[in-house]
Amino acid sequence: MVRAVQGANVVVTGAGGGIGAALARRFAAQGARVVVNDLDADRAKAVAAEIGGTAVPGDASSIVTEAREALGGTIDVYCANAGVGRDGGEPGEPLDEPGWALSWDVNVMAHVRAAHALLPDWLERGGGRFVSTVSAAGLLTMIGTAPYSVTKHGAYAFAEWLSLTYRHRGVKVHAICPQGVRTDMLDATGSAGDLVLKPTAIEPDDVADALFRGIEEDRFLILPHPEVAEYYTARATDPDRWLSGMNRIQQHWETVR
């Protein structure tokens, strides 16, 4: 058992399936009281019933108040897990501005709004834990989907900012950055995901395992695929070489899609 989450009041957004459901199940198994959020009310209720939690369906950007009330007045852990993957169109094609706007709103601004609602209480109490499901795309970049890559970089940057700004005041932050995970979102990535992500895809439970190891070790960056650390280092130390390698993958994808 992880002592840091036993008896904690936890919210997991986007928890009707995939990584979110795995996180909700793991927190409940560790003795936490869990609010399960999802846009799909039926899926949220099903997971909540399974784990003895409480379903609070709706837009992840606006559920903090209702979730706090459902948990008796406090939230100790908030998992900003809901996300969308959208293709915003390539240069020269019609720009999908609604797709870009939705990606920005769900993948970044939902995290910002949640933190804005949570921080006053956490700072007053001197403690709280914010878990951001980012993606390796937030450290690297994913071919074929500019909105997802760009907004996941934003989500990672916001998690970093939260940590460096508030860690001395008791706020713990974790950024989960997996590559492919066997979820509905992976299935929706199409041929790019088939090429880059599916060969090394892991299960949602593996992501939960990685997070709980990170909580025990008090680590900010959670890498369910450990090799991402090597890719991140290569990107930082020799960006031109890294970009050339990614461009070769792009060219290969263009021949097979």
# chains A, B, ... in the order shown; residues from 1 in each chain; ligands from 1
$ select_by_dssp --residues "range 10-252 of chain A" --states "strand (DSSP E)" --output "VMD selection string"
chain A and resid 10 to 12 33 to 36 54 to 55 77 to 80 128 to 133 171 to 176 221 to 222
$ residues_around --residues "Gly17 in chain A" --least-positions-apart "6" --cutoff "8 Å" --atoms "only C-alpha atoms" --output "ChimeraX atom specification"
/A:43,47,183
$ select_by_dssp --residues "range 92-239 of chain A" --states "helix (DSSP H, G or I)" --output "JSON, numbers by chain"
{"A": [97, 98, 99, 100, 101, 102, 103, 104, 105, 106, 107, 108, 109, 110, 111, 112, 113, 114, 115, 116, 117, 118, 119, 120, 121, 122, 123, 124, 125, 136, 137, 138, 146, 147, 148, 149, 150, 151, 152, 153, 154, 155, 156, 157, 158, 159, 160, 161, 162, 163, 164, 165, 166, 167, 168, 169, 184, 185, 186, 187, 190, 191, 192, 193, 194, 195, 196, 198, 199, 200, 204, 205, 206, 207, 208, 209, 210, 211, 212, 213, 214, 215, 216, 217, 228, 229, 230, 231, 232, 233, 234, 235, 236, 237, 239]}
$ atom_distance --atom1 "CA of Leu162 in chain A" --atom2 "CA of Leu23 in chain A"
21.2 Å
$ atom_distance --atom1 "CA of Ile19 in chain A" --atom2 "CA of Pro204 in chain A"
4.7 Å
$ residues_around --residues "Ala28 in chain A" --least-positions-apart "2" --cutoff "12 Å" --atoms "only C-alpha atoms" --output "JSON, numbers by chain"
{"A": [1, 2, 5, 6, 7, 8, 9, 10, 11, 12, 21, 22, 23, 24, 25, 26, 30, 31, 32, 33, 34, 35, 36, 47, 48, 49, 50, 51, 52, 53, 54, 208]}
$ residues_around --residues "range 187-200 of chain A" --least-positions-apart "3" --cutoff "7 Å" --atoms "only C-alpha atoms" --output "MDAnalysis selection string"
chainID A and resid 143:144 179:180 183:184 253 257
